[in-house]
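Q: input.csv (CSV, C-alpha atoms and all ligand atoms) pasted underneath:
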```csv
chain,number,residue,atom,x,y,z
A,253,MET,CA,0.0,0.0,0.0
A,254,LYS,CA,1.4,3.4,-1.0
A,255,ARG,CA,1.5,6.1,1.6
A,256,ALA,CA,1.0,9.8,0.9
A,257,LEU,CA,1.3,12.9,3.2
A,258,ILE,CA,-0.8,15.9,2.1
A,259,THR,CA,-0.3,19.4,3.5
A,260,GLY,CA,-3.3,21.6,3.1
A,261,ILE,CA,-5.6,18.6,3.6
A,262,THR,CA,-8.5,20.8,4.9
A,263,GLY,CA,-8.4,23.0,1.8
A,264,GLN,CA,-10.2,22.6,-1.5
A,265,ASP,CA,-7.5,20.6,-3.4
A,266,GLY,CA,-6.5,18.7,-0.3
A,267,SER,CA,-10.0,17.2,0.0
A,268,TYR,CA,-10.2,16.2,-3.7
A,269,LEU,CA,-6.7,14.8,-3.7
A,270,ALA,CA,-7.4,12.8,-0.5
A,271,GLU,CA,-10.5,11.3,-2.2
A,272,PHE,CA,-8.5,10.5,-5.3
A,273,LEU,CA,-5.6,8.8,-3.4
A,274,LEU,CA,-8.0,6.8,-1.2
A,275,ALA,CA,-9.7,5.5,-4.3
A,276,LYS,CA,-6.3,4.4,-5.5
A,277,LYS,CA,-5.9,2.5,-2.1
A,278,TYR,CA,-3.3,4.9,-0.7
A,279,LYS,CA,-2.9,5.3,3.0
A,280,VAL,CA,-3.5,9.0,3.4
A,281,PHE,CA,-2.0,11.3,6.1
A,282,GLY,CA,-3.0,14.9,6.4
A,283,LEU,CA,-0.9,17.6,8.0
A,284,GLU,CA,-3.3,19.8,10.0
A,285,ARG,CA,-2.5,23.0,11.8
A,286,ARG,CA,-3.9,23.8,15.1
A,287,SER,CA,-6.9,26.1,15.3
A,288,SER,CA,-9.5,26.9,17.9
A,289,GLN,CA,-12.2,25.4,15.7
A,290,SER,CA,-12.1,22.4,13.5
A,291,LYS,CA,-11.9,23.2,9.7
A,292,ARG,CA,-12.7,19.7,8.5
A,293,GLU,CA,-15.8,20.6,6.6
A,294,ASN,CA,-14.4,19.7,3.2
A,295,ILE,CA,-13.2,16.3,4.3
A,296,ALA,CA,-16.1,15.5,6.8
A,297,HIS,CA,-17.2,12.7,4.4
A,298,LEU,CA,-13.8,11.1,4.7
A,299,ALA,CA,-13.9,10.8,8.5
A,300,GLY,CA,-12.0,7.8,9.7
A,301,LYS,CA,-10.2,7.3,6.4
A,302,ILE,CA,-7.4,9.9,6.8
A,303,GLU,CA,-4.8,10.0,9.6
A,304,PHE,CA,-4.2,13.5,10.8
A,305,ILE,CA,-0.8,14.7,11.9
A,306,SER,CA,-0.6,18.0,13.8
A,307,GLY,CA,1.9,20.4,12.2
A,308,ASP,CA,2.5,23.7,10.5
A,309,LEU,CA,4.6,24.9,7.6
A,310,LEU,CA,6.0,27.5,9.9
A,311,ASP,CA,7.4,24.8,12.3
A,312,GLU,CA,10.3,22.8,10.9
A,313,ALA,CA,10.3,20.3,13.8
A,314,SER,CA,6.7,19.5,13.2
A,315,LEU,CA,7.4,18.7,9.6
A,316,ILE,CA,10.3,16.4,10.4
A,317,ARG,CA,8.0,14.6,12.9
A,318,ALA,CA,5.2,14.4,10.3
A,319,ILE,CA,7.6,12.8,7.8
A,320,ASN,CA,8.9,10.3,10.4
A,321,GLN,CA,5.4,9.4,11.5
A,322,SER,CA,3.8,9.0,8.1
A,323,GLU,CA,6.8,7.4,6.3
A,324,PRO,CA,5.3,8.6,2.9
A,325,ASP,CA,6.2,7.5,-0.6
A,326,GLU,CA,4.8,10.8,-1.8
A,327,VAL,CA,4.4,14.3,-0.2
A,328,TYR,CA,2.0,16.8,-1.8
A,329,ASN,CA,2.6,20.4,-0.6
A,330,LEU,CA,-0.7,22.0,-1.0
A,331,ALA,CA,-0.6,24.2,2.1
A,332,ALA,CA,-0.3,27.9,1.6
A,333,GLN,CA,-1.7,31.3,2.5
A,334,SER,CA,-3.5,31.1,-0.8
A,335,PHE,CA,-5.6,34.2,-1.1
A,336,VAL,CA,-3.8,36.7,-3.4
A,337,ALA,CA,-5.7,39.8,-2.0
A,338,ALA,CA,-4.6,38.9,1.6
A,339,SER,CA,-1.0,38.7,0.6
A,340,TRP,CA,-0.7,42.5,0.4
A,341,LYS,CA,-2.1,42.8,3.9
A,342,GLN,CA,0.2,40.1,5.3
A,343,PRO,CA,3.2,40.0,2.9
A,344,VAL,CA,5.8,38.7,5.4
A,345,TYR,CA,3.5,36.0,6.7
A,346,THR,CA,2.6,35.0,3.2
A,347,SER,CA,6.3,34.7,2.3
A,348,GLU,CA,6.9,32.6,5.4
A,349,VAL,CA,4.1,30.1,4.7
A,350,THR,CA,3.8,30.1,1.0
A,351,GLY,CA,7.4,30.6,0.1
A,352,LEU,CA,9.7,29.4,3.0
A,353,GLY,CA,7.2,26.7,3.9
A,354,ALA,CA,8.2,24.8,0.8
A,355,VAL,CA,11.9,24.8,1.7
A,356,ARG,CA,11.1,23.7,5.3
A,357,LEU,CA,9.3,20.7,3.9
A,358,LEU,CA,11.9,19.9,1.3
A,359,GLU,CA,14.6,20.0,4.1
A,360,ALA,CA,12.5,17.7,6.3
A,361,ILE,CA,12.4,15.3,3.4
A,362,ARG,CA,16.0,15.6,2.5
A,363,GLN,CA,17.2,15.0,6.0
A,364,THR,CA,14.8,12.1,6.6
A,365,ASP,CA,14.5,10.2,3.4
A,366,PRO,CA,15.5,12.0,0.1
A,367,LYS,CA,13.8,9.2,-1.9
A,368,ILE,CA,10.3,10.5,-1.0
A,369,LYS,CA,8.6,12.1,-4.1
A,370,PHE,CA,7.6,15.7,-3.7
A,371,TYR,CA,4.8,17.7,-5.4
A,372,GLN,CA,4.8,21.5,-5.1
A,373,ALA,CA,1.6,23.5,-5.8
A,374,SER,CA,3.0,26.2,-8.1
A,375,SER,CA,0.6,28.7,-9.6
A,376,SER,CA,-0.2,30.6,-12.8
A,377,GLU,CA,0.1,33.7,-10.5
A,378,MET,CA,3.8,33.4,-11.2
A,379,PHE,CA,3.2,34.5,-14.8
A,380,GLY,CA,1.4,37.6,-13.4
A,381,LYS,CA,2.0,40.4,-15.9
A,382,VAL,CA,2.1,37.9,-18.7
A,383,GLN,CA,5.0,38.0,-21.1
A,384,GLU,CA,3.3,35.8,-23.7
A,385,THR,CA,-0.1,34.2,-24.4
A,386,PRO,CA,-0.9,31.4,-23.9
A,387,GLN,CA,1.5,30.7,-21.0
A,388,THR,CA,3.6,27.5,-21.1
A,389,GLU,CA,6.4,26.0,-19.0
A,390,LYS,CA,8.8,28.2,-21.0
A,391,THR,CA,7.1,31.5,-20.5
A,392,PRO,CA,9.1,33.9,-18.3
A,393,PHE,CA,7.7,34.7,-14.9
A,394,TYR,CA,6.6,38.2,-13.7
A,395,PRO,CA,4.6,37.8,-10.4
A,396,ARG,CA,2.4,40.7,-9.4
A,397,SER,CA,1.6,40.1,-5.7
A,398,PRO,CA,3.5,39.1,-2.6
A,399,TYR,CA,1.7,35.7,-3.0
A,400,GLY,CA,3.0,35.4,-6.6
A,401,VAL,CA,6.5,36.2,-5.5
A,402,ALA,CA,6.3,33.7,-2.6
A,403,LYS,CA,5.1,31.0,-5.0
A,404,LEU,CA,8.0,31.8,-7.3
A,405,TYR,CA,10.5,31.2,-4.5
A,406,ALA,CA,8.8,27.9,-3.7
A,407,HIS,CA,8.8,26.9,-7.4
A,408,TRP,CA,12.5,27.6,-7.8
A,409,ILE,CA,13.6,26.0,-4.6
A,410,THR,CA,11.7,22.9,-5.7
A,411,VAL,CA,13.7,22.9,-9.0
A,412,ASN,CA,16.9,23.6,-7.0
A,413,TYR,CA,16.4,20.6,-4.7
A,414,ARG,CA,15.8,18.4,-7.7
A,415,GLU,CA,19.0,19.6,-9.3
A,416,SER,CA,21.1,19.9,-6.2
A,417,TYR,CA,20.2,16.6,-4.5
A,418,ASN,CA,18.7,14.6,-7.4
A,419,MET,CA,15.4,14.5,-5.5
A,420,PHE,CA,12.2,13.6,-7.2
A,421,ALA,CA,10.6,17.1,-6.8
A,422,ALA,CA,7.9,18.2,-9.3
A,423,SER,CA,6.0,21.4,-9.7
A,424,GLY,CA,2.5,21.7,-11.1
A,425,ILE,CA,1.9,25.2,-12.5
A,426,LEU,CA,-1.8,25.1,-12.0
A,427,PHE,CA,-4.2,27.7,-13.4
A,428,ASN,CA,-7.3,28.7,-11.4
A,429,HIS,CA,-9.4,25.7,-10.4
A,430,GLU,CA,-12.6,25.9,-8.6
A,431,SER,CA,-15.4,23.6,-7.1
A,432,PRO,CA,-18.3,23.6,-4.7
A,433,ARG,CA,-15.6,23.4,-2.0
A,434,ARG,CA,-13.8,26.6,-3.0
A,435,GLY,CA,-13.3,29.1,-0.2
A,436,LEU,CA,-16.0,31.8,-0.1
A,437,GLU,CA,-13.7,34.7,-0.6
A,438,PHE,CA,-12.4,33.6,-4.0
A,439,VAL,CA,-14.3,35.3,-6.8
A,440,THR,CA,-16.1,32.3,-8.3
A,441,ARG,CA,-17.6,31.0,-5.1
A,442,LYS,CA,-18.3,34.5,-3.9
A,443,ILE,CA,-20.4,34.9,-7.1
A,444,THR,CA,-22.3,31.6,-7.0
A,445,ASN,CA,-23.0,31.9,-3.3
A,446,ALA,CA,-24.2,35.5,-3.6
A,447,ALA,CA,-26.3,34.8,-6.7
A,448,VAL,CA,-28.1,32.0,-4.9
A,449,LYS,CA,-28.6,34.1,-1.8
A,450,ILE,CA,-30.1,36.8,-4.0
A,451,LYS,CA,-32.4,34.3,-5.7
A,452,LEU,CA,-33.5,33.0,-2.3
A,453,GLY,CA,-34.2,36.6,-1.0
A,454,MET,CA,-31.4,36.3,1.5
A,455,GLU,CA,-29.3,39.1,0.0
A,456,LYS,CA,-29.9,42.1,-2.2
A,457,GLU,CA,-26.6,42.8,-4.0
A,458,LEU,CA,-23.1,41.6,-4.7
A,459,LEU,CA,-20.1,43.9,-4.4
A,460,LEU,CA,-17.1,43.0,-6.7
A,461,GLY,CA,-13.8,44.5,-7.8
A,462,ASN,CA,-12.3,44.2,-11.3
A,463,LEU,CA,-14.8,42.5,-13.7
A,464,ASP,CA,-12.4,42.7,-16.6
A,465,SER,CA,-9.7,40.3,-15.5
A,466,LYS,CA,-9.6,37.1,-17.4
A,467,ARG,CA,-8.9,33.7,-15.9
A,468,ASP,CA,-8.5,30.2,-17.2
A,469,TRP,CA,-10.9,28.3,-14.8
A,470,GLY,CA,-10.9,24.6,-14.5
A,471,PHE,CA,-12.4,22.1,-12.0
A,472,SER,CA,-10.3,21.1,-8.9
A,473,GLY,CA,-11.4,17.5,-9.1
A,474,ASP,CA,-9.8,17.2,-12.6
A,475,TYR,CA,-6.6,19.0,-11.5
A,476,VAL,CA,-5.7,16.7,-8.6
A,477,GLU,CA,-5.3,13.8,-11.0
A,478,ALA,CA,-2.6,15.8,-12.8
A,479,MET,CA,-0.7,16.2,-9.5
A,480,TRP,CA,-0.7,12.5,-8.9
A,481,LEU,CA,0.3,11.7,-12.5
A,482,MET,CA,3.4,14.0,-12.2
A,483,LEU,CA,4.7,11.8,-9.4
A,484,GLN,CA,4.2,8.6,-11.4
A,485,GLN,CA,6.5,9.6,-14.2
A,486,LYS,CA,10.1,8.3,-14.6
A,487,GLU,CA,11.5,11.8,-14.1
A,488,ALA,CA,10.3,14.8,-12.1
A,489,ARG,CA,9.4,17.7,-14.3
A,490,ASP,CA,7.2,20.8,-14.2
A,491,TYR,CA,3.9,21.0,-16.0
A,492,VAL,CA,1.3,23.7,-16.8
A,493,ILE,CA,-2.2,22.5,-16.0
A,494,SER,CA,-5.0,24.5,-17.5
A,495,THR,CA,-8.1,24.4,-19.8
A,496,GLY,CA,-6.7,26.7,-22.5
A,497,GLU,CA,-9.9,28.8,-22.3
A,498,THR,CA,-10.1,32.2,-20.7
A,499,HIS,CA,-13.2,34.1,-19.5
A,500,THR,CA,-13.7,37.5,-17.8
A,501,VAL,CA,-15.0,37.7,-14.2
A,502,ARG,CA,-18.0,39.5,-15.9
A,503,GLU,CA,-18.7,36.3,-18.0
A,504,PHE,CA,-18.6,34.2,-14.9
A,505,VAL,CA,-21.1,36.5,-13.2
A,506,GLU,CA,-23.3,36.5,-16.2
A,507,ALA,CA,-23.2,32.7,-16.4
A,508,ALA,CA,-23.9,32.2,-12.7
A,509,PHE,CA,-26.8,34.6,-12.5
A,510,GLY,CA,-28.1,33.2,-15.8
A,511,GLU,CA,-28.3,29.7,-14.3
A,512,LEU,CA,-30.8,31.2,-11.8
A,513,GLY,CA,-32.7,33.2,-14.4
A,514,LEU,CA,-31.5,36.5,-13.0
A,515,ASP,CA,-30.2,39.6,-14.8
A,516,TRP,CA,-26.9,40.3,-13.0
A,517,LYS,CA,-26.8,43.9,-14.0
A,518,LYS,CA,-29.6,44.6,-11.4
A,519,TYR,CA,-27.5,43.2,-8.5
A,520,VAL,CA,-23.8,43.6,-9.1
A,521,LYS,CA,-22.0,46.7,-8.0
A,522,MET,CA,-18.3,47.6,-8.3
A,523,ASN,CA,-16.5,48.4,-5.0
A,524,LYS,CA,-13.0,49.7,-4.7
A,525,GLU,CA,-12.4,47.6,-1.6
A,526,PHE,CA,-12.1,44.5,-3.9
A,527,MET,CA,-9.6,46.1,-6.4
A,528,ARG,CA,-6.0,45.0,-6.0
A,529,PRO,CA,-2.9,47.2,-5.9
A,530,ALA,CA,-1.6,45.3,-8.9
A,531,GLU,CA,-3.7,43.1,-11.1
A,532,VAL,CA,-3.1,40.0,-13.2
A,533,ASP,CA,-5.2,40.9,-16.2
A,534,LEU,CA,-5.1,37.8,-18.3
A,535,LEU,CA,-4.3,34.1,-17.8
A,536,LYS,CA,-4.6,31.5,-20.4
A,537,GLY,CA,-2.6,28.3,-20.1
A,538,ASP,CA,-1.2,25.9,-22.7
A,539,SER,CA,-1.1,22.4,-21.1
A,540,SER,CA,0.0,20.5,-24.2
A,541,LYS,CA,3.1,19.2,-22.4
A,542,ALA,CA,0.8,17.6,-19.8
A,543,ALA,CA,-1.5,16.2,-22.5
A,544,LYS,CA,1.5,14.6,-24.3
A,545,GLU,CA,3.5,13.3,-21.4
A,546,LEU,CA,0.9,12.8,-18.6
A,547,LYS,CA,-2.0,12.0,-21.0
A,548,TRP,CA,-3.9,14.5,-18.9
A,549,LYS,CA,-6.9,16.5,-20.1
A,550,PRO,CA,-9.5,18.5,-18.2
A,551,LYS,CA,-13.0,17.0,-18.3
A,552,VAL,CA,-15.2,19.7,-16.9
A,553,ASN,CA,-15.7,22.9,-19.0
A,554,PHE,CA,-16.5,26.4,-18.0
A,555,HIS,CA,-20.3,26.2,-18.2
A,556,GLN,CA,-20.4,22.8,-16.5
A,557,LEU,CA,-18.2,24.3,-13.7
A,558,VAL,CA,-20.5,27.3,-13.2
A,559,LYS,CA,-23.6,25.1,-13.2
A,560,MET,CA,-22.0,22.6,-10.7
A,561,MET,CA,-21.1,25.4,-8.3
A,562,VAL,CA,-24.5,27.2,-8.6
A,563,GLU,CA,-26.4,24.0,-8.1
A,564,ASN,CA,-24.4,23.0,-5.0
A,565,ASP,CA,-24.9,26.4,-3.4
A,566,LEU,CA,-28.6,26.3,-4.2
A,567,LYS,CA,-28.9,22.9,-2.5
A,568,GLN,CA,-26.9,23.9,0.6
A,569,LEU,CA,-28.6,27.3,1.1
A,570,SER,CA,-32.1,26.0,0.4
A,571,ASN,CA,-31.6,23.4,3.1
A,572,SER,CA,-30.2,25.9,5.6
A,573,LYS,CA,-33.1,28.3,4.9
B,1,LIG,P1,-7.0,26.5,0.1
B,1,LIG,O1,-6.8,27.9,0.6
B,1,LIG,O2,-8.4,26.0,0.0
B,1,LIG,O3,-6.2,25.6,1.2
B,1,LIG,C1,-5.0,25.9,1.8
B,1,LIG,C2,-4.6,24.9,2.8
B,1,LIG,O4,-3.4,25.3,3.4
B,1,LIG,C3,-5.6,24.8,4.0
B,1,LIG,O5,-5.8,23.4,4.3
B,1,LIG,C4,-4.9,25.5,5.1
B,1,LIG,O6,-5.3,25.0,6.4
B,1,LIG,C5,-3.5,25.1,4.8
B,1,LIG,N1,-2.5,26.0,5.5
B,1,LIG,C6,-2.5,27.4,5.5
B,1,LIG,N2,-1.5,27.8,6.2
B,1,LIG,C7,-0.8,26.7,6.7
B,1,LIG,C8,0.3,26.5,7.6
B,1,LIG,N3,1.0,27.6,8.0
B,1,LIG,N4,0.7,25.3,7.9
B,1,LIG,C9,0.0,24.2,7.4
B,1,LIG,N5,-1.1,24.3,6.6
B,1,LIG,C10,-1.5,25.6,6.3
B,1,LIG,O7,-6.2,26.3,-1.2
B,1,LIG,P2,-6.5,25.4,-2.5
B,1,LIG,O8,-6.9,24.1,-2.1
B,1,LIG,O9,-7.3,26.2,-3.4
B,1,LIG,O10,-5.0,25.3,-3.2
B,1,LIG,C11,-4.1,24.4,-2.8
B,1,LIG,C12,-2.7,24.9,-3.1
B,1,LIG,O11,-2.6,25.1,-4.5
B,1,LIG,C13,-2.3,26.2,-2.5
B,1,LIG,O12,-0.9,26.1,-2.2
B,1,LIG,C14,-2.6,27.2,-3.5
B,1,LIG,O13,-1.8,28.4,-3.3
B,1,LIG,C15,-2.2,26.5,-4.8
B,1,LIG,N6,-2.8,26.9,-6.0
B,1,LIG,C16,-4.2,26.9,-6.0
B,1,LIG,C17,-4.9,27.2,-7.2
B,1,LIG,C18,-6.3,27.3,-7.2
B,1,LIG,O14,-6.9,27.8,-8.2
B,1,LIG,N7,-7.1,26.7,-6.3
B,1,LIG,C19,-4.1,27.4,-8.4
B,1,LIG,C20,-2.7,27.3,-8.3
B,1,LIG,C21,-2.1,27.0,-7.1
B,1,LIG,P3,-6.5,25.7,7.2
B,1,LIG,O15,-7.8,25.0,6.8
B,1,LIG,O16,-6.1,25.4,8.7
B,1,LIG,O17,-6.6,27.2,6.9
B,2,LIG,P1,-6.8,34.6,-8.0
B,2,LIG,O1,-8.3,34.2,-7.6
B,2,LIG,O2,-6.4,35.9,-7.4
B,2,LIG,O3,-6.8,34.4,-9.5
B,2,LIG,O4,-6.0,33.5,-7.2
B,2,LIG,P2,-9.6,35.1,-7.1
B,2,LIG,O5,-10.8,34.3,-7.3
B,2,LIG,O6,-9.3,35.7,-5.7
B,2,LIG,O7,-9.6,36.4,-8.1
B,2,LIG,C1,-9.7,36.2,-9.5
B,2,LIG,C2,-9.9,37.5,-10.2
B,2,LIG,O8,-11.2,38.1,-9.8
B,2,LIG,C3,-11.0,39.5,-9.5
B,2,LIG,N1,-12.1,39.9,-8.6
B,2,LIG,C4,-12.3,39.5,-7.4
B,2,LIG,N2,-11.6,38.6,-6.6
B,2,LIG,C5,-12.1,38.3,-5.4
B,2,LIG,N3,-11.5,37.4,-4.6
B,2,LIG,N4,-13.1,39.0,-4.8
B,2,LIG,C6,-13.8,40.0,-5.5
B,2,LIG,O9,-14.7,40.6,-5.1
B,2,LIG,C7,-13.4,40.2,-6.9
B,2,LIG,N5,-13.8,41.1,-7.9
B,2,LIG,C8,-13.0,40.9,-8.9
B,2,LIG,C9,-9.6,39.5,-8.9
B,2,LIG,O10,-9.1,40.9,-9.0
B,2,LIG,C10,-8.9,38.6,-9.8
B,2,LIG,O11,-8.5,39.2,-11.0
B,2,LIG,C11,-6.4,32.1,-7.2
B,2,LIG,C12,-6.0,31.5,-5.9
B,2,LIG,O12,-6.5,30.2,-5.8
B,2,LIG,C13,-4.5,31.4,-5.9
B,2,LIG,O13,-4.1,30.6,-4.7
B,2,LIG,C14,-4.0,30.6,-7.1
B,2,LIG,O14,-2.6,30.5,-7.1
B,2,LIG,C15,-4.5,31.3,-8.4
B,2,LIG,O15,-5.9,31.4,-8.3
B,2,LIG,C16,-4.1,30.6,-9.6
```
Would you mind writing the structure in this file as structure tokens?
A:
Amino acid sequence: MKRALITGITGQDGSYLAEFLLAKKYKVFGLERRSSQSKRENIAHLAGKIEFISGDLLDEASLIRAINQSEPDEVYNLAAQSFVAASWKQPVYTSEVTGLGAVRLLEAIRQTDPKIKFYQASSSEMFGKVQETPQTEKTPFYPRSPYGVAKLYAHWITVNYRESYNMFAASGILFNHESPRRGLEFVTRKITNAAVKIKLGMEKELLLGNLDSKRDWGFSGDYVEAMWLMLQQKEARDYVISTGETHTVREFVEAAFGELGLDWKKYVKMNKEFMRPAEVDLLKGDSSKAAKELKWKPKVNFHQLVKMMVENDLKQLSNSK
């Protein structure tokens, strides 16, 4: 039985990856940081199937202990301060967790058992002010937020450990991916949740920032398969994972409200609070390397994703009402 340690187990991707690995008969360990209230909502349905290990990317000793305790074949580093907007408010903290967290984990692996395979959750935010479109593994990076800069450090330190110590360390450069388990502050879930609340008469309006930015949105459930595939290859490499389609935030709003038969223009207002000091205007990935080498392709398209998220929020909020 293969063994995997997932950091960020309570997050969106952690929950889908845990499901995926359990279906492949892995023994799954999840690194969980201490908090005053349990955050296991995304993985409640997996209760009893995951072994939790208390630890934090800020605490090197806890990571060494987690590796010793789980004796993993594979480590997936999904933990991060992952909200771009918050990274301007807490830039040093974001660098500590999202950037230096990766090297702490790599060191824990190197010192314990350097044969363990390592996956780093890199991000299309590293392309930031894009230097070419679509973006590939060869596109130069230009991050536009403290989060993007921190992810870039984590990305290069992963490459560096691969080249310095011959460790199996791979980075997935994943474009935005969403799901019904997406955190409520990210724009897609903020939109579907608010649209449903408006439909149910629980809210009157939705305040948003930049409606013009374009994102390449896929489904988290599809993307975790790519993470696993990267660790099953002969050699560790980096891969862009994306749909190749790009849509504006406005188009997402229109589609989500449209699913509910609502005219979004009556409810959506712009608010400066949600504008960012520096914006990433356009992301559009080219994942042909992953298609060729990993045989990976996204299954859920933009409209299916919007529908899935709206339907889930409708079900949840109707029940709670
Ligand atoms: P989430 O924000 O949903 O999950 C982040 C996870 O990290 C949570 O489990 C959180 O725990 C954990 N975490 C935060 N800080 C620490 C810490 N100091 N020590 C240990 N754990 C910590 O992110 P996603 O699931 O959406 O994304 C997974 C990873 O992929 C992240 O690294 C993200 O930056 C990256 N990424 C995401 C993309 C996306 O579109 N979703 C695209 C590209 C990259 P807690 O529940 O306690 O807060
Ligand atoms: P992003 O996701 O920054 O791309 O990072 P987010 O959903 O937060 O923003 C996407 C775009 O929408 C615009 N926007 C708003 N965003 C939020 N959150 N709230 C608003 O009200 C709003 N109005 C407009 C933003 O300006 C932006 O252009 C996500 C995270 O999951 C990262 O961890 C990951 O690395 C990248 O995707 C790829």
Q: With distances taken over only C-alpha atoms and all ligand atoms, which of A:Gly453, A:Gly424, A:Gly513, A:Pro395 is nearest to ligand LIG 1 (chain B)?
A: A:Gly424
Q: Name the closest residue to ligand LIG 1 (chain B) among the candidates A:Arg434, A:Lys367, A:Lys518, A:Lys277; distances are taken between atoms, counting all atoms listed in the file.
A: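 Smallest distance to ligand LIG 1 (chain B) is found for A:Arg434.
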Q: Which protein, DNA or RNA residues are at most 7 Å from (-15.7, 38.5, -17.8) in the file's coordinates when you count all atoms listed in the file, listed as an MDAnalysis selection string?
A: chainID A and resid 463:466 499:504
Q: Name the residues, by chain letter and number, that sit within 7 Å of ligand LIG 1 (chain B) using all atoms listed in the file, and give them as a ChimeraX atom specification.
A: /A:259-266,283-287,291,307-310,329-335,349-350,373-376,425-430,434-435,472
Q: So that I can see what lies close to Tyr328 of chain A, please list as a PyMOL selection string the residues with an atom at most 10 Å from it, counting all atoms listed in the file and leaving out residues fewer than 5 positions away in the same chain.
A: chain A and resi 256-261+266+269+282+369-373+421-423+479-480+483
Q: Rank A:Glu326, A:Glu525, A:Asp490, A:Glu563 by their smallest atom-to-atom distance to ligand LIG 2 (chain B), using all atoms listed in the file, and report the top residue only.
A: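 Closest candidate: A:Glu525.
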Q: Around all of segment 482-492 of chain A's listed atoms, make the axis-aligned box with 5 Å on each side and tell me centre and edge lengths in Å to one decimal, as JSON.
A:
```
{"center_x": 6.4, "center_y": 16.0, "center_z": -13.1, "size_x": 20.2, "size_y": 25.4, "size_z": 17.4}
```
Q: For atom CA of Asp515 of chain A and atom CA of Met454 of chain A, determine how far apart the two atoms are, in Å to one decimal place.
A: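 Here the two named atoms are 16.7 Å from each other.
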Q: Could you check how far atom CA of Phe281 of chain A sits from atom CA of Arg255 of chain A, in Å to one decimal?
A: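 About the pair atom CA of Phe281 of chain A and atom CA of Arg255 of chain A: they are 7.7 Å apart.
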Q: Using only C-alpha atoms, determine which residues lie at most 12 Å from His297 of chain A, disregarding the query and same-chain residues fewer than 4 positions distant; provide the list as a PyMOL selection string.
A: chain A and resi 262+267-268+270-271+292-293+301-302
Q: Neighbouring residues of Ala507 of chain A were defined as those with any atom within 10 Å, considering all atoms listed in the file; residues of the same chain fewer than 2 positions away were excluded. Please report them as a list of chain:residue names.
A: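 Contacts, with the query itself left out: A:Ile443, A:Thr444, A:Val501, A:Arg502, A:Glu503, A:Phe504, A:Val505, A:Phe509, A:Gly510, A:Glu511, A:Leu512, A:Gly513, A:Leu514, A:Asp515, A:Trp516, A:Phe554, A:His555, A:Val558, A:Lys559, A:Val562.
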Q: Find, counting all atoms listed in the file, the residue in A:Val552, A:Ile409, A:Val401, A:Ala508 that gets nearest to ligand LIG 2 (chain B).
A: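 Nearest candidate to ligand LIG 2 (chain B) out of A:Val552, A:Ile409, A:Val401, A:Ala508: A:Val401.
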Q: Quick one: pull the distance between atom CA of Ile361 of chain A and atom CA of Val336 of chain A, Å, one decimal.
A: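 Interatomic distance, atom CA of Ile361 of chain A to atom CA of Val336 of chain A: 27.7 Å.
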Q: Given all atoms listed in the file as the basis, pick out the residue of A:Ile368, A:Met561, A:Met253, A:Ala337 nearest to Lys279 of chain A.
A: A:Met253
Q: Let me make sure I understand: among A:Val492, A:Lys549, A:Glu303, A:Gln363, which one has the smallest atom-to-atom distance to Tyr278 of chain A if we use all atoms listed in the file?
A: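 Using all atoms listed in the file, the shortest distance to Tyr278 of chain A belongs to A:Glu303.
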Q: Please return as a list in words every residue within 10 Å of (-1.3, 47.5, -3.2), taking into account only C-alpha atoms and the file's own coordinates.
A: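 Counting only C-alpha atoms, I find these residues within 10 Å of (-1.3, 47.5, -3.2): Ala337, Ser339, Trp340, Lys341, Arg396, Ser397, Pro398, Met527, Arg528, Pro529, Ala530 and Glu531 of chain A.
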